[in-house]
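Novice: Sharing a structure, written as structure tokens. Questions coming.
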Amino acid sequence: MRRLVAGAAASLKQFDAILLAGGQSRRLKSDKVLLELANAPVLPGLIDLCRDLFGTVFIVVDRVGRVVYPHPNVRVVTDEIPGSGPLGGILTGLEVSASERCFVSACDLPFLHRDLIHFIARRVTNQDVVVPTRGDSIEPLIGFYSRRSRDIIRRSIAAGDFRVRGFWPQVTTEIVDLEGSFDPPDLETWLLNVNTRHDLKIAEAVAASGSWR
């Protein structure tokens, strides 16, 4: 297991990344894995971002063959507990990673930016969960999760609690408030999840403008 060392933001390669790509996309009514904006597929862009920043990138899928990405530092793994949602995807990634902590992201964040990731990473010390919030809007699928949480996550799933936040009270959790401490002009765009058709229209407009970078 790779141990956490000082200066997390300066050395993200000590962490692995977990990209969750096994969702049902019920609200969007189309497969998020195949999402494209401005004629560019979203998932490969996220993989490239994480591959540049982190050690190994684990793409967690719900079935074999759902994603193919041939690269030595990218591994596609199948959900250990099918039907357990994003929480099960996090558990699967933590089980296969050798990193003490992993960065976790959903696959529907087309504008996720490295500056946001670095900012969150600077708050990582010995916590089990470090995730951002903007006001009342907590982002459970942008953040860092510890492998120490695996048994607690597994018990939550076994008890039928598939909420990502369900196990947080049982571990050391830090919710980083971005308001007042990290407020780049494009933050709202960086945090945009494409969950619905309305979200997709917004994302398409942003991508077409090319202004978010």
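Following the order of the structure tokens, first chain is A, next is B, and so on, with residues numbered from 1 inside each chain and ligands from 1 in the order they appear.
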Fewer than 6 positions away in the same chain doesn't count, so skip those; otherwise give me all residues within 7 Å of stretch 84-92 of chain A, counting only C-alpha atoms, as a list in words.
Specialist: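 Those residues are Leu20, Gly23, Val60, Arg150, Ile153, Ile157, Phe162, Arg163 and Val164 of chain A.
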Novice: Identify all residues of stretch 143-185 of chain A in helix (DSSP H, G or I) (DSSP on the backbone) and supply them as a PyMOL selection string.
Specialist: chain A and resi 147-158+164-170
Novice: Using C-alpha atoms, can you export the residues from the last selection as an mmCIF file, in the first residue's frame?
Specialist:
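Printed below is result.cif as written:
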```cif
data_model
loop_
_atom_site.group_PDB
_atom_site.id
_atom_site.type_symbol
_atom_site.label_atom_id
_atom_site.label_comp_id
_atom_site.auth_asym_id
_atom_site.auth_seq_id
_atom_site.Cartn_x
_atom_site.Cartn_y
_atom_site.Cartn_z
ATOM 1 C CA ARG A 147 -9.217 2.571 1.977
ATOM 2 C CA ARG A 148 -9.746 2.355 5.751
ATOM 3 C CA SER A 149 -13.430 2.946 5.043
ATOM 4 C CA ARG A 150 -13.900 -0.265 3.078
ATOM 5 C CA ASP A 151 -15.340 -2.415 5.870
ATOM 6 C CA ILE A 152 -17.754 0.325 6.952
ATOM 7 C CA ILE A 153 -18.880 0.867 3.353
ATOM 8 C CA ARG A 154 -19.382 -2.859 2.946
ATOM 9 C CA ARG A 155 -21.520 -3.002 6.080
ATOM 10 C CA SER A 156 -23.622 -0.081 4.855
ATOM 11 C CA ILE A 157 -24.287 -1.847 1.575
ATOM 12 C CA ALA A 158 -25.090 -5.112 3.363
ATOM 13 C CA VAL A 164 -22.700 7.685 -0.506
ATOM 14 C CA ARG A 165 -23.069 9.928 2.562
ATOM 15 C CA GLY A 166 -24.589 7.188 4.686
ATOM 16 C CA PHE A 167 -21.329 5.985 6.203
ATOM 17 C CA TRP A 168 -19.727 9.407 6.709
ATOM 18 C CA PRO A 169 -20.769 9.793 10.386
ATOM 19 C CA GLN A 170 -18.831 6.614 11.166
#
```
Novice: Select from chain A everything DSSP, run on the backbone, classes as strand (DSSP E), then give the selection as a VMD selection string.
Specialist: chain A and resid 16 to 20 36 to 37 40 to 41 57 to 61 74 to 78 101 to 106 129 to 134 137 to 138 142 to 146 173 to 177
Novice: Would you mind exporting the chosen residues as a compact mmCIF listing (two decimals), in the first residue's frame, restricted to N, CA and C atoms?
Specialist:
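Dumped everything to out_8.txt:
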```txt
# COMPACT_ATOMS: atom_id res chain seq x y z
N ASP A 16 -4.37 7.19 -6.29
CA ASP A 16 -5.02 6.68 -7.49
C ASP A 16 -6.34 7.43 -7.67
N ALA A 17 -6.93 7.26 -8.85
CA ALA A 17 -8.22 7.88 -9.13
C ALA A 17 -9.24 6.80 -9.44
N ILE A 18 -10.47 7.02 -9.01
CA ILE A 18 -11.59 6.12 -9.29
C ILE A 18 -12.63 6.92 -10.06
N LEU A 19 -12.91 6.49 -11.28
CA LEU A 19 -13.96 7.12 -12.09
C LEU A 19 -15.16 6.18 -12.13
N LEU A 20 -16.30 6.67 -11.71
CA LEU A 20 -17.51 5.86 -11.61
C LEU A 20 -18.28 5.93 -12.93
N GLU A 36 -21.19 13.09 -25.26
CA GLU A 36 -20.31 13.94 -26.05
C GLU A 36 -20.76 15.39 -25.95
N LEU A 37 -19.79 16.30 -25.95
CA LEU A 37 -20.05 17.73 -25.96
C LEU A 37 -19.13 18.37 -26.99
N ALA A 40 -16.86 16.06 -28.82
CA ALA A 40 -15.76 15.43 -28.09
C ALA A 40 -16.34 14.57 -26.97
N PRO A 41 -15.95 13.30 -26.88
CA PRO A 41 -16.46 12.44 -25.80
C PRO A 41 -15.95 12.90 -24.45
N VAL A 57 -5.49 5.03 -12.79
CA VAL A 57 -6.90 5.39 -12.91
C VAL A 57 -7.72 4.12 -13.02
N PHE A 58 -8.66 3.94 -12.10
CA PHE A 58 -9.56 2.79 -12.13
C PHE A 58 -10.93 3.27 -12.61
N ILE A 59 -11.40 2.71 -13.70
CA ILE A 59 -12.73 3.02 -14.21
C ILE A 59 -13.65 1.89 -13.77
N VAL A 60 -14.61 2.21 -12.91
CA VAL A 60 -15.51 1.19 -12.37
C VAL A 60 -16.77 1.16 -13.22
N VAL A 61 -17.06 -0.01 -13.78
CA VAL A 61 -18.22 -0.18 -14.67
C VAL A 61 -19.13 -1.26 -14.12
N VAL A 74 -4.25 2.75 -16.76
CA VAL A 74 -5.71 2.81 -16.68
C VAL A 74 -6.24 1.38 -16.63
N ARG A 75 -7.06 1.09 -15.61
CA ARG A 75 -7.65 -0.24 -15.48
C ARG A 75 -9.16 -0.12 -15.40
N VAL A 76 -9.83 -0.95 -16.15
CA VAL A 76 -11.29 -1.02 -16.10
C VAL A 76 -11.67 -2.20 -15.22
N VAL A 77 -12.46 -1.94 -14.17
CA VAL A 77 -12.85 -2.99 -13.22
C VAL A 77 -14.38 -3.01 -13.12
N THR A 78 -14.90 -4.19 -12.85
CA THR A 78 -16.35 -4.37 -12.78
C THR A 78 -16.82 -4.32 -11.33
N ARG A 101 -5.33 6.46 -0.15
CA ARG A 101 -6.51 7.25 -0.46
C ARG A 101 -6.64 7.38 -1.96
N CYS A 102 -7.88 7.50 -2.41
CA CYS A 102 -8.15 7.65 -3.84
C CYS A 102 -9.02 8.87 -4.10
N PHE A 103 -8.75 9.52 -5.20
CA PHE A 103 -9.65 10.55 -5.67
C PHE A 103 -10.81 9.88 -6.39
N VAL A 104 -12.02 10.32 -6.09
CA VAL A 104 -13.23 9.74 -6.68
C VAL A 104 -13.95 10.81 -7.48
N SER A 105 -14.40 10.43 -8.68
CA SER A 105 -15.20 11.34 -9.49
C SER A 105 -16.26 10.56 -10.25
N ALA A 106 -17.43 11.16 -10.40
CA ALA A 106 -18.43 10.63 -11.31
C ALA A 106 -17.96 10.88 -12.74
N VAL A 129 -12.68 10.84 4.51
CA VAL A 129 -13.45 11.43 3.42
C VAL A 129 -13.17 12.93 3.39
N VAL A 130 -12.83 13.44 2.22
CA VAL A 130 -12.67 14.88 2.02
C VAL A 130 -13.41 15.25 0.75
N VAL A 131 -14.49 16.00 0.88
CA VAL A 131 -15.31 16.38 -0.28
C VAL A 131 -15.66 17.86 -0.17
N PRO A 132 -15.95 18.51 -1.30
CA PRO A 132 -16.28 19.94 -1.26
C PRO A 132 -17.77 20.20 -1.15
N THR A 133 -18.08 21.40 -0.71
CA THR A 133 -19.45 21.89 -0.74
C THR A 133 -19.42 23.34 -1.18
N ARG A 134 -20.50 23.75 -1.80
CA ARG A 134 -20.67 25.16 -2.14
C ARG A 134 -22.01 25.59 -1.58
N SER A 137 -24.80 22.78 -1.15
CA SER A 137 -24.66 21.76 -2.19
C SER A 137 -23.38 20.97 -2.01
N ILE A 138 -23.49 19.83 -1.32
CA ILE A 138 -22.34 18.96 -1.10
C ILE A 138 -22.12 18.10 -2.35
N ILE A 142 -16.98 14.13 -5.81
CA ILE A 142 -15.74 14.82 -6.16
C ILE A 142 -14.93 14.90 -4.88
N GLY A 143 -13.98 14.01 -4.68
CA GLY A 143 -13.24 14.08 -3.43
C GLY A 143 -12.36 12.88 -3.20
N PHE A 144 -11.83 12.81 -2.00
CA PHE A 144 -10.87 11.77 -1.65
C PHE A 144 -11.46 10.85 -0.59
N TYR A 145 -11.27 9.53 -0.79
CA TYR A 145 -11.79 8.51 0.11
C TYR A 145 -10.67 7.57 0.52
N SER A 146 -10.70 7.18 1.78
CA SER A 146 -9.65 6.33 2.34
C SER A 146 -10.02 4.85 2.23
N THR A 173 -14.64 12.65 8.53
CA THR A 173 -15.10 13.30 7.30
C THR A 173 -14.88 14.80 7.39
N GLU A 174 -14.32 15.37 6.33
CA GLU A 174 -14.19 16.82 6.24
C GLU A 174 -14.91 17.29 4.99
N ILE A 175 -15.84 18.21 5.18
CA ILE A 175 -16.55 18.83 4.07
C ILE A 175 -15.98 20.22 3.88
N VAL A 176 -15.31 20.41 2.77
CA VAL A 176 -14.58 21.65 2.50
C VAL A 176 -15.51 22.66 1.84
N ASP A 177 -15.78 23.77 2.52
CA ASP A 177 -16.66 24.80 1.97
C ASP A 177 -15.85 25.67 1.01
```
Novice: Would you kindly return, as a PDB file with N, CA and C atoms, in the first residue's frame, each protein, DNA or RNA residue with an atom no farther than 12 Å from any atom of A:Val33, considering only C-alpha atoms and excluding same-chain residues fewer than 2 positions away?
Specialist:
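After the write, around_28.pdb holds the following:
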```pdb
ATOM      1  N   LEU A  19     -12.908   6.491 -11.282  1.00  0.00           N
ATOM      2  CA  LEU A  19     -13.958   7.115 -12.088  1.00  0.00           C
ATOM      3  C   LEU A  19     -15.156   6.179 -12.125  1.00  0.00           C
ATOM      4  N   LEU A  20     -16.299   6.668 -11.712  1.00  0.00           N
ATOM      5  CA  LEU A  20     -17.512   5.858 -11.614  1.00  0.00           C
ATOM      6  C   LEU A  20     -18.282   5.934 -12.925  1.00  0.00           C
ATOM      7  N   ALA A  21     -18.316   4.827 -13.648  1.00  0.00           N
ATOM      8  CA  ALA A  21     -18.922   4.808 -14.982  1.00  0.00           C
ATOM      9  C   ALA A  21     -19.911   3.658 -15.125  1.00  0.00           C
ATOM     10  N   GLY A  22     -20.637   3.378 -14.052  1.00  0.00           N
ATOM     11  CA  GLY A  22     -21.563   2.252 -14.104  1.00  0.00           C
ATOM     12  C   GLY A  22     -23.001   2.623 -13.836  1.00  0.00           C
ATOM     13  N   GLY A  23     -23.309   3.929 -13.886  1.00  0.00           N
ATOM     14  CA  GLY A  23     -24.661   4.371 -13.559  1.00  0.00           C
ATOM     15  C   GLY A  23     -25.694   4.000 -14.609  1.00  0.00           C
ATOM     16  N   GLN A  24     -26.957   4.076 -14.207  1.00  0.00           N
ATOM     17  CA  GLN A  24     -28.057   3.722 -15.096  1.00  0.00           C
ATOM     18  C   GLN A  24     -28.528   4.893 -15.959  1.00  0.00           C
ATOM     19  N   SER A  25     -28.144   6.120 -15.607  1.00  0.00           N
ATOM     20  CA  SER A  25     -28.490   7.321 -16.390  1.00  0.00           C
ATOM     21  C   SER A  25     -30.001   7.438 -16.606  1.00  0.00           C
ATOM     22  N   LEU A  28     -31.126  11.185 -17.243  1.00  0.00           N
ATOM     23  CA  LEU A  28     -30.610  11.720 -18.501  1.00  0.00           C
ATOM     24  C   LEU A  28     -31.223  11.013 -19.701  1.00  0.00           C
ATOM     25  N   LYS A  29     -31.604   9.733 -19.508  1.00  0.00           N
ATOM     26  CA  LYS A  29     -32.219   8.917 -20.562  1.00  0.00           C
ATOM     27  C   LYS A  29     -31.286   8.667 -21.738  1.00  0.00           C
ATOM     28  N   SER A  30     -29.994   8.707 -21.466  1.00  0.00           N
ATOM     29  CA  SER A  30     -28.980   8.286 -22.429  1.00  0.00           C
ATOM     30  C   SER A  30     -27.739   7.908 -21.634  1.00  0.00           C
ATOM     31  N   ASP A  31     -26.878   7.103 -22.221  1.00  0.00           N
ATOM     32  CA  ASP A  31     -25.737   6.551 -21.504  1.00  0.00           C
ATOM     33  C   ASP A  31     -24.675   7.621 -21.270  1.00  0.00           C
ATOM     34  N   LEU A  35     -21.472  10.074 -23.454  1.00  0.00           N
ATOM     35  CA  LEU A  35     -21.774  11.496 -23.539  1.00  0.00           C
ATOM     36  C   LEU A  35     -20.714  12.237 -24.342  1.00  0.00           C
ATOM     37  N   GLU A  36     -21.188  13.093 -25.261  1.00  0.00           N
ATOM     38  CA  GLU A  36     -20.307  13.936 -26.054  1.00  0.00           C
ATOM     39  C   GLU A  36     -20.757  15.388 -25.954  1.00  0.00           C
ATOM     40  N   PRO A  41     -15.947  13.296 -26.877  1.00  0.00           N
ATOM     41  CA  PRO A  41     -16.464  12.440 -25.801  1.00  0.00           C
ATOM     42  C   PRO A  41     -15.952  12.903 -24.445  1.00  0.00           C
ATOM     43  N   VAL A  42     -16.838  12.878 -23.445  1.00  0.00           N
ATOM     44  CA  VAL A  42     -16.519  13.402 -22.123  1.00  0.00           C
ATOM     45  C   VAL A  42     -15.627  12.453 -21.326  1.00  0.00           C
ATOM     46  N   LEU A  43     -15.956  11.172 -21.302  1.00  0.00           N
ATOM     47  CA  LEU A  43     -15.223  10.236 -20.443  1.00  0.00           C
ATOM     48  C   LEU A  43     -13.730  10.175 -20.770  1.00  0.00           C
ATOM     49  N   PRO A  44     -13.321  10.059 -22.029  1.00  0.00           N
ATOM     50  CA  PRO A  44     -11.879  10.052 -22.305  1.00  0.00           C
ATOM     51  C   PRO A  44     -11.167  11.309 -21.812  1.00  0.00           C
ATOM     52  N   GLY A  45     -11.858  12.464 -21.864  1.00  0.00           N
ATOM     53  CA  GLY A  45     -11.250  13.681 -21.341  1.00  0.00           C
ATOM     54  C   GLY A  45     -11.019  13.604 -19.842  1.00  0.00           C
ATOM     55  N   LEU A  46     -11.986  13.041 -19.112  1.00  0.00           N
ATOM     56  CA  LEU A  46     -11.817  12.855 -17.669  1.00  0.00           C
ATOM     57  C   LEU A  46     -10.705  11.858 -17.369  1.00  0.00           C
ATOM     58  N   ILE A  47     -10.648  10.797 -18.148  1.00  0.00           N
ATOM     59  CA  ILE A  47      -9.588   9.804 -17.952  1.00  0.00           C
ATOM     60  C   ILE A  47      -8.228  10.447 -18.171  1.00  0.00           C
ATOM     61  N   ILE A  59     -11.401   2.706 -13.704  1.00  0.00           N
ATOM     62  CA  ILE A  59     -12.729   3.022 -14.209  1.00  0.00           C
ATOM     63  C   ILE A  59     -13.654   1.895 -13.772  1.00  0.00           C
ATOM     64  N   VAL A  60     -14.609   2.209 -12.911  1.00  0.00           N
ATOM     65  CA  VAL A  60     -15.508   1.189 -12.371  1.00  0.00           C
ATOM     66  C   VAL A  60     -16.775   1.155 -13.218  1.00  0.00           C
ATOM     67  N   VAL A  61     -17.063  -0.011 -13.781  1.00  0.00           N
ATOM     68  CA  VAL A  61     -18.216  -0.181 -14.674  1.00  0.00           C
ATOM     69  C   VAL A  61     -19.129  -1.261 -14.119  1.00  0.00           C
ATOM     70  N   ASP A  62     -20.347  -1.307 -14.659  1.00  0.00           N
ATOM     71  CA  ASP A  62     -21.313  -2.288 -14.163  1.00  0.00           C
ATOM     72  C   ASP A  62     -21.294  -3.591 -14.944  1.00  0.00           C
ATOM     73  N   GLY A  65     -16.792  -4.930 -20.669  1.00  0.00           N
ATOM     74  CA  GLY A  65     -16.860  -4.413 -22.025  1.00  0.00           C
ATOM     75  C   GLY A  65     -17.536  -3.069 -22.162  1.00  0.00           C
ATOM     76  N   ARG A  66     -18.042  -2.524 -21.063  1.00  0.00           N
ATOM     77  CA  ARG A  66     -18.747  -1.239 -21.122  1.00  0.00           C
ATOM     78  C   ARG A  66     -17.810  -0.106 -21.529  1.00  0.00           C
ATOM     79  N   VAL A  67     -16.569  -0.150 -21.044  1.00  0.00           N
ATOM     80  CA  VAL A  67     -15.563   0.855 -21.376  1.00  0.00           C
ATOM     81  C   VAL A  67     -14.277   0.136 -21.758  1.00  0.00           C
ATOM     82  N   VAL A  68     -13.652   0.596 -22.820  1.00  0.00           N
ATOM     83  CA  VAL A  68     -12.344   0.079 -23.227  1.00  0.00           C
ATOM     84  C   VAL A  68     -11.401   1.266 -23.345  1.00  0.00           C
ATOM     85  N   ALA A 106     -17.433  11.165 -10.395  1.00  0.00           N
ATOM     86  CA  ALA A 106     -18.426  10.631 -11.311  1.00  0.00           C
ATOM     87  C   ALA A 106     -17.957  10.883 -12.743  1.00  0.00           C
ATOM     88  N   CYS A 107     -18.552  10.173 -13.683  1.00  0.00           N
ATOM     89  CA  CYS A 107     -18.144  10.315 -15.089  1.00  0.00           C
ATOM     90  C   CYS A 107     -18.952  11.382 -15.809  1.00  0.00           C
ATOM     91  N   ASP A 108     -19.814  12.103 -15.082  1.00  0.00           N
ATOM     92  CA  ASP A 108     -20.691  13.091 -15.723  1.00  0.00           C
ATOM     93  C   ASP A 108     -20.299  14.522 -15.368  1.00  0.00           C
ATOM     94  N   LEU A 109     -19.002  14.739 -15.165  1.00  0.00           N
ATOM     95  CA  LEU A 109     -18.464  16.062 -14.832  1.00  0.00           C
ATOM     96  C   LEU A 109     -17.576  16.527 -15.990  1.00  0.00           C
ATOM     97  N   PRO A 110     -18.163  17.014 -17.046  1.00  0.00           N
ATOM     98  CA  PRO A 110     -17.376  17.291 -18.252  1.00  0.00           C
ATOM     99  C   PRO A 110     -16.362  18.407 -18.102  1.00  0.00           C
ATOM    100  N   VAL A 194     -23.904  16.412 -15.331  1.00  0.00           N
ATOM    101  CA  VAL A 194     -24.899  16.229 -16.391  1.00  0.00           C
ATOM    102  C   VAL A 194     -25.808  15.074 -15.982  1.00  0.00           C
TER     103      VAL A 194
END
```
Novice: Taking only C-alpha atoms into account, name the residue in A:Asp136, A:Asn126, A:Pro185, A:Ala205 that is nearest to A:Val171.
Specialist: A:Asn126
Novice: Using only C-alpha atoms for the distances, tell me which of A:Arg122, A:His71, A:Lys32, A:His198 is nearest to A:Thr56.
Specialist: A:His71
Novice: Quote the spacing between atom CA of A:Gly135 and atom CA of A:Glu179 in Å to one decimal place.
Specialist: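 A separation of 6.7 Å between them.
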Novice: Counting only C-alpha atoms, figure out which residue out of A:Val64, A:Leu112, A:Ala121, A:Leu12 gets nearest to A:Ser99.
Specialist: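 Smallest separation from A:Ser99 among the options: A:Leu12.
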Novice: With only C-alpha atoms as the atoms that count, which of A:Leu34, A:Ile117, A:Asn39, A:Ile81 lies nearest to A:Phe54?
Specialist: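 Smallest distance to A:Phe54 is found for A:Ile117.
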